[in-house]
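Asker: Supplied structure: data.cif, mmCIF, C-alpha atoms.
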```cif
data_query
#
loop_
_atom_site.group_PDB
_atom_site.id
_atom_site.type_symbol
_atom_site.label_atom_id
_atom_site.label_comp_id
_atom_site.auth_asym_id
_atom_site.auth_seq_id
_atom_site.Cartn_x
_atom_site.Cartn_y
_atom_site.Cartn_z
ATOM 1 C CA MET A 164 -23.781 176.849 55.964
ATOM 2 C CA PHE A 165 -20.468 177.226 54.141
ATOM 3 C CA ILE A 166 -22.026 176.096 50.862
ATOM 4 C CA ILE A 167 -24.954 178.472 51.250
ATOM 5 C CA ASP A 168 -22.486 181.288 51.967
ATOM 6 C CA ASP A 169 -20.630 180.398 48.787
ATOM 7 C CA ILE A 170 -23.800 180.411 46.757
ATOM 8 C CA LEU A 171 -24.833 183.741 48.251
ATOM 9 C CA LEU A 172 -21.435 185.231 47.507
ATOM 10 C CA ARG A 173 -21.585 183.911 43.961
ATOM 11 C CA SER A 174 -25.061 185.347 43.466
ATOM 12 C CA ILE A 175 -23.625 188.798 44.033
ATOM 13 C CA GLY A 176 -20.662 188.033 41.793
ATOM 14 C CA ILE A 177 -17.995 187.283 44.398
ATOM 15 C CA SER A 178 -15.861 184.161 44.179
ATOM 16 C CA LEU A 179 -12.719 183.556 46.220
ATOM 17 C CA PRO A 180 -10.714 180.771 44.517
ATOM 18 C CA GLY A 181 -9.484 178.259 47.054
ATOM 19 C CA LEU A 182 -12.073 179.300 49.620
ATOM 20 C CA ASP A 183 -15.010 178.925 47.275
ATOM 21 C CA MET A 184 -16.509 175.446 47.711
ATOM 22 C CA ILE A 185 -18.136 175.440 44.256
ATOM 23 C CA TRP A 186 -14.884 176.564 42.638
ATOM 24 C CA THR A 187 -13.072 173.713 44.431
ATOM 25 C CA LEU A 188 -15.679 171.167 43.308
ATOM 26 C CA GLU A 189 -15.440 172.475 39.747
ATOM 27 C CA GLN A 190 -11.670 172.074 39.808
ATOM 28 C CA ILE A 191 -12.003 168.478 41.056
ATOM 29 C CA GLN A 192 -14.583 167.740 38.353
ATOM 30 C CA LYS A 193 -12.358 169.323 35.688
ATOM 31 C CA PHE A 194 -9.377 167.280 36.861
ATOM 32 C CA ALA A 195 -11.424 164.063 36.863
ATOM 33 C CA LEU A 196 -12.788 164.794 33.373
ATOM 34 C CA LYS A 197 -9.301 165.451 32.031
ATOM 35 C CA GLY A 198 -8.032 162.206 33.553
ATOM 36 C CA TYR A 199 -10.925 160.088 32.298
ATOM 37 C CA TYR A 200 -11.223 161.647 28.845
ATOM 38 C CA ASN A 201 -7.547 161.843 28.017
ATOM 39 C CA PRO A 202 -7.233 160.763 24.349
ATOM 40 C CA GLU A 203 -3.511 160.002 24.656
ATOM 41 C CA LYS A 204 -4.136 157.693 27.604
ATOM 42 C CA ILE A 205 -6.962 155.958 25.736
ATOM 43 C CA LYS A 206 -4.760 155.532 22.641
ATOM 44 C CA ASP A 207 -2.132 153.891 24.872
ATOM 45 C CA GLN A 208 -4.805 151.532 26.210
ATOM 46 C CA ILE A 209 -5.827 150.655 22.624
ATOM 47 C CA LYS A 210 -2.205 149.811 21.779
ATOM 48 C CA GLU A 211 -1.773 147.798 24.971
ATOM 49 C CA THR A 212 -4.949 145.819 24.271
ATOM 50 C CA ARG A 213 -3.682 145.030 20.770
ATOM 51 C CA LEU A 214 -0.352 143.874 22.152
ATOM 52 C CA LEU A 215 -2.048 141.656 24.758
ATOM 53 C CA TYR A 216 -4.055 140.079 21.943
ATOM 54 C CA GLU A 217 -0.981 139.559 19.792
ATOM 55 C CA PHE A 218 0.836 137.935 22.722
ATOM 56 C CA GLY A 219 -2.127 135.631 23.349
ATOM 57 C CA GLU A 220 -3.179 137.112 26.701
ATOM 58 C CA LEU A 221 -6.579 138.045 25.241
ATOM 59 C CA ASP A 222 -8.673 135.938 22.888
ATOM 60 C CA ARG A 223 -10.156 137.454 19.713
ATOM 61 C CA GLN A 224 -13.601 137.961 21.256
ATOM 62 C CA GLU A 225 -12.261 139.687 24.365
ATOM 63 C CA TYR A 226 -9.922 141.814 22.257
ATOM 64 C CA GLU A 227 -12.703 142.939 19.927
ATOM 65 C CA ARG A 228 -14.976 143.804 22.860
ATOM 66 C CA LYS A 229 -12.298 145.820 24.675
ATOM 67 C CA ASN A 230 -11.090 147.486 21.491
ATOM 68 C CA SER A 231 -14.569 148.576 20.504
ATOM 69 C CA GLU A 232 -15.182 149.962 24.041
ATOM 70 C CA LEU A 233 -11.940 151.914 23.899
ATOM 71 C CA LEU A 234 -12.627 153.271 20.388
ATOM 72 C CA HIS A 235 -16.000 154.485 21.613
ATOM 73 C CA LYS A 236 -14.353 156.054 24.681
ATOM 74 C CA LEU A 237 -11.837 157.767 22.383
ATOM 75 C CA ASP A 238 -14.639 159.213 20.249
ATOM 76 C CA VAL A 239 -16.359 160.530 23.372
ATOM 77 C CA ALA A 240 -13.086 161.940 24.735
ATOM 78 C CA LYS A 241 -12.424 163.834 21.502
ATOM 79 C CA LYS A 242 -15.938 165.280 21.605
ATOM 80 C CA VAL A 243 -15.556 166.229 25.281
ATOM 81 C CA LEU A 244 -12.321 168.034 24.458
ATOM 82 C CA GLU A 245 -13.927 169.800 21.519
ATOM 83 C CA MET A 246 -16.825 170.930 23.709
ATOM 84 C CA ASP A 247 -14.474 171.770 26.612
ATOM 85 C CA LEU A 248 -17.118 170.746 29.152
ATOM 86 C CA GLY A 249 -14.978 171.868 32.045
ATOM 87 C CA SER A 250 -14.974 175.527 31.103
ATOM 88 C CA LYS A 251 -17.616 178.138 31.827
ATOM 89 C CA MET A 252 -19.021 180.639 29.425
ATOM 90 C CA ASP A 253 -19.717 184.227 30.351
ATOM 91 C CA ILE A 254 -23.180 184.716 28.879
ATOM 92 C CA LEU A 255 -23.503 188.296 30.167
ATOM 93 C CA GLY A 256 -20.434 189.436 28.229
ATOM 94 C CA MET B 219 -16.907 146.737 11.103
ATOM 95 C CA VAL B 220 -16.172 149.041 8.233
ATOM 96 C CA ARG B 221 -16.874 152.546 9.334
ATOM 97 C CA ARG B 222 -16.816 155.295 6.822
ATOM 98 C CA ILE B 223 -17.358 158.909 7.552
ATOM 99 C CA LEU B 224 -18.360 160.640 4.386
ATOM 100 C CA LYS B 225 -16.968 164.127 4.147
ATOM 101 C CA ALA B 226 -19.814 165.338 2.040
ATOM 102 C CA GLU B 227 -23.509 165.131 2.832
ATOM 103 C CA ASN B 228 -25.470 162.451 0.999
ATOM 104 C CA THR B 229 -27.122 165.045 -1.171
ATOM 105 C CA VAL B 230 -23.803 166.119 -2.658
ATOM 106 C CA PRO B 231 -22.818 163.960 -5.643
ATOM 107 C CA GLU B 232 -19.897 161.635 -4.999
ATOM 108 C CA THR B 233 -16.662 162.525 -6.736
ATOM 109 C CA LEU B 234 -13.656 160.364 -7.272
ATOM 110 C CA GLY B 235 -10.501 161.439 -5.545
ATOM 111 C CA LYS B 236 -6.999 159.996 -5.380
ATOM 112 C CA TYR B 237 -5.929 158.015 -2.327
ATOM 113 C CA VAL B 238 -2.130 157.985 -1.919
ATOM 114 C CA TYR B 239 -0.503 154.875 -0.420
ATOM 115 C CA CYS B 240 3.152 155.827 -0.838
ATOM 116 C CA VAL B 241 5.585 157.552 -3.168
ATOM 117 C CA ILE B 242 8.257 155.698 -5.121
ATOM 118 C CA PRO B 243 11.243 156.817 -7.164
ATOM 119 C CA PHE B 244 10.256 155.766 -10.673
ATOM 120 C CA PRO B 245 11.952 157.817 -13.356
ATOM 121 C CA THR B 246 9.826 156.742 -16.328
ATOM 122 C CA LYS B 247 6.646 158.235 -17.697
ATOM 123 C CA GLU B 248 4.886 154.906 -18.054
ATOM 124 C CA ARG B 249 1.985 154.056 -15.771
ATOM 125 C CA LYS B 250 2.583 151.008 -13.635
ATOM 126 C CA SER B 251 -0.285 148.960 -12.238
ATOM 127 C CA PHE B 252 -0.037 146.934 -9.018
ATOM 128 C CA GLY B 253 -3.427 145.234 -9.483
ATOM 129 C CA ASN B 254 -6.813 145.734 -7.853
ATOM 130 C CA LEU B 255 -5.522 145.899 -4.280
ATOM 131 C CA GLY B 256 -6.899 149.269 -3.258
ATOM 132 C CA PHE B 257 -9.995 150.369 -1.341
ATOM 133 C CA ASP B 258 -13.149 148.765 -2.780
ATOM 134 C CA ALA B 259 -10.874 146.588 -4.960
ATOM 135 C CA SER B 260 -9.808 149.634 -6.960
ATOM 136 C CA GLU B 261 -6.731 149.493 -9.156
ATOM 137 C CA VAL B 262 -3.498 150.683 -7.577
ATOM 138 C CA TYR B 263 -1.263 152.485 -10.052
ATOM 139 C CA THR B 264 1.438 155.105 -10.376
ATOM 140 C CA LEU B 265 0.891 158.714 -11.337
ATOM 141 C CA ASP B 266 3.729 160.522 -12.989
ATOM 142 C CA TYR B 267 5.339 163.407 -11.114
ATOM 143 C CA ARG B 268 8.876 164.176 -12.322
ATOM 144 C CA ASP B 269 11.095 161.333 -11.071
ATOM 145 C CA LEU B 270 8.826 160.504 -8.116
ATOM 146 C CA CYS B 271 5.546 158.674 -8.518
ATOM 147 C CA PRO B 272 2.697 158.675 -6.031
ATOM 148 C CA VAL B 273 1.095 155.227 -5.865
ATOM 149 C CA VAL B 274 -2.647 155.856 -5.877
ATOM 150 C CA SER B 275 -6.099 154.440 -6.450
ATOM 151 C CA ASP B 276 -9.310 156.201 -7.466
ATOM 152 C CA VAL B 277 -11.634 156.450 -4.487
ATOM 153 C CA THR B 278 -14.708 158.283 -3.355
ATOM 154 C CA TYR B 279 -13.361 161.288 -1.488
ATOM 155 C CA ARG B 280 -14.040 160.860 2.227
ATOM 156 C CA ASP B 281 -12.344 160.929 5.592
ATOM 157 C CA TYR B 282 -10.613 157.695 6.516
ATOM 158 C CA ALA B 283 -11.377 156.642 10.084
ATOM 159 C CA VAL B 284 -8.755 154.554 11.867
ATOM 160 C CA ASP B 285 -10.382 151.222 11.332
ATOM 161 C CA GLU B 286 -8.568 147.903 11.303
ATOM 162 C CA PRO B 287 -9.751 146.460 7.948
ATOM 163 C CA GLU B 288 -9.122 149.764 6.197
ATOM 164 C CA VAL B 289 -5.659 150.244 7.687
ATOM 165 C CA GLU B 290 -4.975 146.679 6.532
ATOM 166 C CA VAL B 291 -5.806 147.649 2.902
ATOM 167 C CA HIS B 292 -3.298 150.525 3.078
ATOM 168 C CA ARG B 293 -0.673 148.299 4.714
ATOM 169 C CA ASN B 294 -1.158 145.517 2.191
ATOM 170 C CA VAL B 295 -0.719 147.833 -0.810
ATOM 171 C CA VAL B 296 2.481 149.319 0.626
ATOM 172 C CA GLU B 297 3.782 145.825 1.364
ATOM 173 C CA GLN B 298 3.248 144.808 -2.268
ATOM 174 C CA VAL B 299 4.903 147.959 -3.625
ATOM 175 C CA MET B 300 7.864 147.498 -1.250
ATOM 176 C CA GLN B 301 8.682 144.171 -2.827
ATOM 177 C CA GLU B 302 9.863 145.953 -5.966
ATOM 178 C CA HIS B 303 10.618 149.544 -4.962
ATOM 179 C CA SER B 304 12.060 151.739 -2.248
ATOM 180 C CA VAL B 305 9.127 153.497 -0.650
ATOM 181 C CA ILE B 306 8.611 156.968 0.817
ATOM 182 C CA PRO B 307 5.814 156.250 3.263
ATOM 183 C CA VAL B 308 2.606 158.254 3.334
ATOM 184 C CA ALA B 309 0.420 158.366 6.427
ATOM 185 C CA TYR B 310 -2.835 156.417 6.345
ATOM 186 C CA GLY B 311 -5.840 158.442 5.207
ATOM 187 C CA MET B 312 -4.252 160.768 2.645
ATOM 188 C CA ALA B 313 -6.922 161.299 0.018
ATOM 189 C CA PHE B 314 -7.028 164.219 -2.398
ATOM 190 C CA LYS B 315 -10.135 165.550 -4.082
ATOM 191 C CA SER B 316 -8.500 165.658 -7.489
ATOM 192 C CA ARG B 317 -5.330 164.824 -9.381
ATOM 193 C CA LYS B 318 -4.611 168.541 -9.584
ATOM 194 C CA LEU B 319 -4.572 168.906 -5.775
ATOM 195 C CA LEU B 320 -2.329 165.875 -5.471
ATOM 196 C CA GLN B 321 0.094 167.420 -7.959
ATOM 197 C CA ILE B 322 0.146 170.627 -5.911
ATOM 198 C CA ALA B 323 1.009 168.570 -2.809
ATOM 199 C CA MET B 324 3.712 166.693 -4.724
ATOM 200 C CA SER B 325 5.167 169.976 -5.904
ATOM 201 C CA ALA B 326 5.145 171.393 -2.349
ATOM 202 C CA GLY B 327 6.825 168.295 -0.947
ATOM 203 C CA TYR B 328 9.150 167.440 -3.824
ATOM 204 C CA GLN B 329 12.368 168.731 -2.255
ATOM 205 C CA ALA B 330 11.645 167.153 1.133
ATOM 206 C CA MET B 331 10.894 163.838 -0.577
ATOM 207 C CA GLN B 332 14.127 164.053 -2.576
ATOM 208 C CA LYS B 333 15.983 164.560 0.712
ATOM 209 C CA ALA B 334 14.187 161.572 2.239
ATOM 210 C CA LEU B 335 15.112 159.269 -0.627
ATOM 211 C CA PRO B 336 18.642 158.378 0.519
ATOM 212 C CA ILE B 337 17.234 157.575 3.986
ATOM 213 C CA VAL B 338 14.747 155.032 2.668
ATOM 214 C CA ASP B 339 16.580 153.788 -0.389
ATOM 215 C CA GLY B 340 17.230 150.059 -0.044
ATOM 216 C CA LYS B 341 16.193 150.096 3.607
ATOM 217 C CA VAL B 342 13.295 148.845 5.676
ATOM 218 C CA GLU B 343 12.014 149.510 9.164
ATOM 219 C CA LEU B 344 11.897 146.667 11.700
ATOM 220 C CA GLY B 345 10.158 146.928 15.062
ATOM 221 C CA ILE B 346 11.006 145.366 18.415
ATOM 222 C CA LYS B 347 8.800 145.316 21.478
ATOM 223 C CA VAL B 348 9.930 143.613 24.678
ATOM 224 C CA PHE B 349 7.086 142.850 27.059
ATOM 225 C CA LEU B 350 6.868 141.477 30.558
ATOM 226 C CA PRO B 351 4.479 138.480 30.749
ATOM 227 C CA LYS B 352 1.684 138.798 33.334
ATOM 228 C CA ASP B 353 2.846 135.789 35.375
ATOM 229 C CA LEU B 354 6.379 137.143 35.791
ATOM 230 C CA GLU B 355 7.580 139.155 38.807
ATOM 231 C CA PRO B 356 7.588 142.884 37.940
ATOM 232 C CA MET B 357 11.070 144.135 37.055
ATOM 233 C CA GLY B 358 12.752 147.032 38.832
ATOM 234 C CA SER B 359 13.629 150.112 36.806
ATOM 235 C CA VAL B 360 17.376 149.282 36.860
ATOM 236 C CA GLN B 361 16.731 145.766 35.596
ATOM 237 C CA LYS B 362 14.448 147.148 32.864
ATOM 238 C CA GLU B 363 17.075 149.644 31.776
ATOM 239 C CA GLU B 364 19.789 146.988 31.631
ATOM 240 C CA CYS B 365 17.619 144.711 29.509
ATOM 241 C CA SER B 366 16.587 147.569 27.230
ATOM 242 C CA ALA B 367 20.221 148.713 26.807
ATOM 243 C CA ASP B 368 21.313 145.169 25.938
ATOM 244 C CA PHE B 369 18.686 144.917 23.185
ATOM 245 C CA LEU B 370 19.546 148.374 21.850
ATOM 246 C CA GLN B 371 23.307 147.845 21.768
ATOM 247 C CA SER B 372 23.052 144.437 20.151
ATOM 248 C CA LEU B 373 20.650 145.620 17.456
ATOM 249 C CA LEU B 374 22.311 148.955 16.761
ATOM 250 C CA ALA B 375 25.359 147.005 15.651
ATOM 251 C CA VAL B 376 23.341 145.511 12.785
ATOM 252 C CA SER B 377 21.233 148.536 11.806
ATOM 253 C CA SER B 378 21.699 152.023 10.309
ATOM 254 C CA ASP B 379 19.550 153.968 12.746
ATOM 255 C CA ASN B 380 16.977 153.547 15.488
ATOM 256 C CA LYS B 381 14.110 155.413 17.132
ATOM 257 C CA LYS B 382 12.819 154.793 20.625
ATOM 258 C CA LEU B 383 9.044 154.823 20.684
ATOM 259 C CA LYS B 384 6.631 155.482 23.548
ATOM 260 C CA LEU B 385 6.325 152.882 26.298
ATOM 261 C CA PHE B 386 2.525 152.774 26.240
ATOM 262 C CA SER B 387 2.197 150.065 28.873
ATOM 263 C CA ASP B 388 3.778 149.581 32.313
ATOM 264 C CA ARG B 389 4.740 146.095 31.191
ATOM 265 C CA LEU B 390 6.558 147.292 28.104
ATOM 266 C CA ILE B 391 10.330 147.247 28.606
ATOM 267 C CA LEU B 392 11.394 148.358 25.142
ATOM 268 C CA ASN B 393 9.554 149.751 22.160
ATOM 269 C CA CYS B 394 11.998 150.566 19.437
ATOM 270 C CA THR B 395 12.234 150.663 15.693
ATOM 271 C CA PHE B 396 15.332 150.156 13.536
ATOM 272 C CA LEU B 397 16.291 151.205 10.036
ATOM 273 C CA VAL B 398 17.975 148.254 8.364
ATOM 274 C CA GLU B 399 19.474 147.671 4.905
ATOM 275 C CA LYS B 400 17.366 145.115 3.015
ATOM 276 C CA SER B 401 20.521 143.075 2.567
ATOM 277 C CA GLY B 402 21.125 143.128 6.338
ATOM 278 C CA MET B 403 17.713 141.812 7.350
ATOM 279 C CA ASP B 404 18.894 138.231 7.873
ATOM 280 C CA GLU B 405 21.718 139.316 10.152
ATOM 281 C CA PHE B 406 19.310 141.509 12.120
ATOM 282 C CA SER B 407 16.874 138.590 12.470
ATOM 283 C CA LEU B 408 19.693 136.351 13.723
ATOM 284 C CA GLN B 409 20.588 138.914 16.365
ATOM 285 C CA VAL B 410 16.929 139.146 17.436
ATOM 286 C CA GLY B 411 16.862 135.341 17.694
ATOM 287 C CA ARG B 412 19.911 135.395 20.004
ATOM 288 C CA LEU B 413 18.328 138.045 22.209
ATOM 289 C CA LYS B 414 15.082 136.054 22.374
ATOM 290 C CA GLU B 415 17.066 133.071 23.649
ATOM 291 C CA ARG B 416 18.950 135.212 26.174
ATOM 292 C CA TYR B 417 15.680 136.656 27.514
ATOM 293 C CA ALA B 418 13.502 133.578 27.080
ATOM 294 C CA GLU B 419 11.293 134.587 30.039
ATOM 295 C CA LEU B 420 10.235 137.810 28.257
ATOM 296 C CA LYS B 421 7.882 138.219 25.320
ATOM 297 C CA VAL B 422 9.532 139.725 22.260
ATOM 298 C CA GLN B 423 7.578 140.966 19.270
ATOM 299 C CA TYR B 424 9.600 141.352 16.088
ATOM 300 C CA SER B 425 7.651 143.052 13.298
ATOM 301 C CA GLY B 426 8.233 144.243 9.755
ATOM 302 C CA PRO B 427 9.532 144.873 7.233
ATOM 303 C CA TRP B 428 7.720 148.223 7.172
ATOM 304 C CA PRO B 429 8.387 151.318 5.098
ATOM 305 C CA ALA B 430 10.482 153.784 7.085
ATOM 306 C CA TYR B 431 7.496 155.539 8.717
ATOM 307 C CA ASN B 432 9.450 156.586 11.790
ATOM 308 C CA PHE B 433 12.445 157.918 9.897
ATOM 309 C CA VAL B 434 10.710 160.125 7.349
ATOM 310 C CA ASP B 435 8.581 162.991 8.571
ATOM 311 C CA ILE B 436 7.409 165.241 5.770
ATOM 312 C CA HIS B 437 4.592 167.667 6.477
ATOM 313 C CA ILE B 438 2.887 169.145 3.453
ATOM 314 C CA LEU B 439 0.061 171.664 3.143
ATOM 315 C CA GLY B 440 -0.135 172.185 6.928
ATOM 316 C CA GLY B 441 -2.460 170.395 9.318
ATOM 317 C CA LYS B 442 -1.884 166.967 10.713
ATOM 318 C CA ARG B 443 -4.208 164.993 8.476
ATOM 319 C CA ARG B 444 -3.848 166.762 5.165
ATOM 320 C CA GLY B 445 -0.211 166.334 4.344
ATOM 321 C CA PHE B 446 1.936 163.387 3.659
ATOM 322 C CA ARG B 447 2.046 162.909 7.375
#
```
Represent the structure contained in this file as structure tokens.

Answerer:
Amino acid sequence: MFIIDDILLRSIGISLPGLDMIWTLEQIQKFALKGYYNPEKIKDQIKETRLLYEFGELDRQEYERKNSELLHKLDVAKKVLEMDLGSKMDILG
Amino acid sequence: MVRRILKAENTVPETLGKYVYCVIPFPTKERKSFGNLGFDASEVYTLDYRDLCPVVSDVTYRDYAVDEPEVEVHRNVVEQVMQEHSVIPVAYGMAFKSRKLLQIAMSAGYQAMQKALPIVDGKVELGIKVFLPKDLEPMGSVQKEECSADFLQSLLAVSSDNKKLKLFSDRLILNCTFLVEKSGMDEFSLQVGRLKERYAELKVQYSGPWPAYNFVDIHILGGKRRGFR
């Protein structure tokens, strides 16, 4: 019922931040996206993986696999930031 | 995997640009060659700019992605040049479309590079990372700080300067880089050896000699990827 109320309110252009369920979900999603696609954090993971390899805690194969995964994740993160997926666009001006 | 992102579309004819590896003080007009060590086995040579010479090779102008084999080419060239000259480091990926543009950048950065010269002259950068092995009990923050301070104090005594770098892992106790006179490298290495013995349970990575990347920070022509750093 609460969700339907929110949707109804939104349909007539009313949103009460904090009380608006969709707004809250959007904030959680935004927060999660920022945490997952944080380029600095991914760069740290790339450096840590390299160090683990250099100290012999990862073999070459494992290092290359992890490194390539992280480089891909970094590419995606940069694109996500460029696109700013978390933000809305006002198409009605 | 060699990944290259071409700046221009395939339909645009390729043009040769200048890739800059480093800048050296070299007050003669003569061109010096360091051999075919550059990207795609291109010749690495000096270009004349007043009393400072950019060390370059002719390359197809493109963006340089951070890619291990390519970074290794840059690193290897700088290592060779360092054997004979003091080096003002240039960030990886600095390519210029033409000699003219490179000269404009050199002109814009000339004073800053002159100021950087005494910092790098006759010195090298040496890196120390102290890491907690996975099978060791995690250290408390006080213990970590004590260990880190011991390393820093001992090594500062045999170096000219130091920079603390980011602790990018929870298991990293110290990540630090030191500026050391070339003539003082042996003494520094001895001190590192003593510390390794004192902290035999920890993993210590001692790297270098590098050009003084962390002690020279010259930004030219704005932007993060289009200057000398």

Asker: Which chain B residues are at most 12 Å from chain A (counting all atoms listed in the file), as JSON, numbers by chain?

Answerer: {"B": [219, 221, 283, 284, 285, 286, 347, 348, 349, 350, 351, 352, 353, 383, 384, 385, 386, 387, 388, 389, 390, 393, 420, 421, 422, 423, 424, 425]}

Asker: Return as a list in words the set of residues that the PyMOL selection byres ((chain B and resi 324-337) around 7) yields on the displayed structure.

Answerer: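 Expected selection for the PyMOL selection byres ((chain B and resi 324-337) around 7) here is Leu320, Gln321, Ile322, Ala323, Val338, Asp339, Val434, Ile436 and Ile438 of chain B.
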
Asker: Could you pull the residues within 6 Å of segment 426-432 of chain B, counting only C-alpha atoms, minus those fewer than 5 positions along the same chain, as a list in words?

Answerer: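 Listing them by chain and then by number gives Pro307, Val342, Glu343 and Leu344 of chain B.
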
Asker: Please, what distance in Å, to one decimal, runs between atom CA of Asp269 of chain B and atom CA of Lys236 of chain B?

Answerer: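 Between these atoms lies a distance of 19.0 Å.
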
Asker: Would you pick out the contacts of Glu227 of chain A at 10 Å or less, using only C-alpha atoms, so that residues sharing its chain but fewer than 5 positions from it are not included, and give the list as a VMD selection string?

Answerer: chain A and resid 212 to 213 216 221 to 222 232 to 233

Asker: Could you jot down the atom CA of Asp266 of chain B to atom CA of Glu297 of chain B separation for me, Å, one decimal place?

Answerer: 20.5 Å

Asker: What is the distance, in Å and to one decimal place, between atom CA of Lys341 of chain B and atom CA of Thr264 of chain B?

Answerer: 20.9 Å

Asker: Please write as a VMD selection string the full residue list that the PyMOL selection byres ((chain A and resi 243) around 12) yields on this file.

Answerer: chain A and resid 193 196 to 202 236 to 242 244 to 250

Asker: Put those residues in a file: C-alpha atoms, as an mmCIF file, keeping the file's coordinate frame.

Answerer:
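Written output follows (part_3.cif):
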```cif
data_model
loop_
_atom_site.group_PDB
_atom_site.id
_atom_site.type_symbol
_atom_site.label_atom_id
_atom_site.label_comp_id
_atom_site.auth_asym_id
_atom_site.auth_seq_id
_atom_site.Cartn_x
_atom_site.Cartn_y
_atom_site.Cartn_z
ATOM 1 C CA LYS A 193 -12.358 169.323 35.688
ATOM 2 C CA LEU A 196 -12.788 164.794 33.373
ATOM 3 C CA LYS A 197 -9.301 165.451 32.031
ATOM 4 C CA GLY A 198 -8.032 162.206 33.553
ATOM 5 C CA TYR A 199 -10.925 160.088 32.298
ATOM 6 C CA TYR A 200 -11.223 161.647 28.845
ATOM 7 C CA ASN A 201 -7.547 161.843 28.017
ATOM 8 C CA PRO A 202 -7.233 160.763 24.349
ATOM 9 C CA LYS A 236 -14.353 156.054 24.681
ATOM 10 C CA LEU A 237 -11.837 157.767 22.383
ATOM 11 C CA ASP A 238 -14.639 159.213 20.249
ATOM 12 C CA VAL A 239 -16.359 160.530 23.372
ATOM 13 C CA ALA A 240 -13.086 161.940 24.735
ATOM 14 C CA LYS A 241 -12.424 163.834 21.502
ATOM 15 C CA LYS A 242 -15.938 165.280 21.605
ATOM 16 C CA LEU A 244 -12.321 168.034 24.458
ATOM 17 C CA GLU A 245 -13.927 169.800 21.519
ATOM 18 C CA MET A 246 -16.825 170.930 23.709
ATOM 19 C CA ASP A 247 -14.474 171.770 26.612
ATOM 20 C CA LEU A 248 -17.118 170.746 29.152
ATOM 21 C CA GLY A 249 -14.978 171.868 32.045
ATOM 22 C CA SER A 250 -14.974 175.527 31.103
#
```
